[in-house]
Amino acid sequence: MKKSVIILFHIGFWICYLLLIIIMLAVFYRSSSHSIDQTARIANAFNTLLLFSFLPSLITFYAYYLLVFPKYLQQKKFLLSVFWGILISIGASVIAYIILRYFIETGRIHDMDEDGKNGRSTALIVIGIMSIFSTISGTVALVIKGFITWFEEVKLKEQLKQKNHETEMALIKAQLDPHFLFNTLNNIDVLLLKDATEASNYLNKLSDILRFMLYETKTEKILLEKELEYIEKYIELQKIRTSNSNYVSFQVTGIPGNKTIAPMVFIPFIENAFKHTTNKKIDNAINVKIVIKKDIILFVCDNKFDPNRKLKQESNGLGNELIQKRLNLIYPENHTLEIVKHTDLYSVHLSIRNG
């Protein structure tokens, strides 16, 4: 929701609130004795409006809005919400009463508080009425904040749905990379003459990859274990393009268990690593490491490249900007992505919390 609309919500509430208080004061003073000096009546009305009604409500409104809702109510801590709500309402009322009683004291209030016992009773009544006004204002603040939060969540879901569609289209283009398919099929064809059993094994891996691309990526979340299996098969197919068995290093630390993850989160970085690594004779030219912890999944992908070699632009594949947008939508405030390009090393560090 736009900030201007939110500001209008706040301004509209306070205008309605002040109008209501002014109407109540007008009715009260019209029915009261006309013997009171006009100036004193105006001063009394001002002090009552500012301190008795407005000040405690203002404090309570924004305390509920900025503290109670996001910290307790939104987290479904209902008892704490009620506790802090009552405490804030009473506290704001006490502060307003102290200012009203001791700093901007009118003759009317002074007369009311002449008797100590009666003064204490009056103070409790005044603070109680202030607390009621404050609680009402705070409740309205919760309603406004709740509506704004709900609206933003609905908007975010719509945006996520649209971006997921765009990303899905981009993923299809990236996944069905004809160069990858042709090269893999050619390599398997060559391997058939040398080792038919091994060629059949690689053909099954390619079939599994295509099946994963076409079906598994349709859901919002998949088991982390399936994602790791896909990555392992993808790397195995890429490795048949070189005789260097140490060309790629792939390590997984930790137990996937029942953890889930958005499909195809890591693979775009791995694809880019293979595309831009030029020398396949170097040991550990590509290093992929995934660390699975209790509350976080760490992904590291490093690849060496020749800084003097100019690579033509690839039309296939996901760009870093689109990858970042997808991560922001799927894991808002629950991930960190760091991409560092050194002289001859490209490094990607991605951590996903609550994976």
# chains A, B, ... in the order shown; residues from 1 in each chain; ligands from 1
call {"tool": "select_by_dssp", "arguments": {"residues": "range 87-306 of chain A", "states": "strand (DSSP E)", "output": "list in words"}}
result
Ile222, Leu223, Val248, Ser249, Phe250, Gln251, Val252, Thr253, Thr260, Ile261, Ile286, Asn287, Val288, Lys289, Ile290, Val291, Ile292, Ile296, Ile297, Leu298, Phe299, Val300, Cys301, Asp302, Asn303 and Lys304 of chain A
call {"tool": "residues_around", "arguments": {"residues": "Thr60 in chain A", "least_positions_apart": "6", "cutoff": "8 Å", "atoms": "only C-alpha atoms", "output": "list in words"}}
result
Ile88, Ser89, Ala92, Ser134, Thr135, Ser137 and Gly138 of chain A
call {"tool": "closest_residue", "arguments": {"among": "A:His335, A:Val252, A:Leu345, A:Val291", "to": "Phe305 in chain A", "atoms": "only C-alpha atoms"}}
result
A:Leu345
call {"tool": "select_by_dssp", "arguments": {"residues": "range 144-308 of chain A", "states": "helix (DSSP H, G or I)", "output": "ChimeraX atom specification"}}
result
/A:144-175,178-194,196-218,224-239,267-276
call {"tool": "closest_residue", "arguments": {"among": "A:Ser131, A:Ser121, A:Thr253, A:Asn328", "to": "Phe61 in chain A", "atoms": "only C-alpha atoms"}}
result
A:Ser131
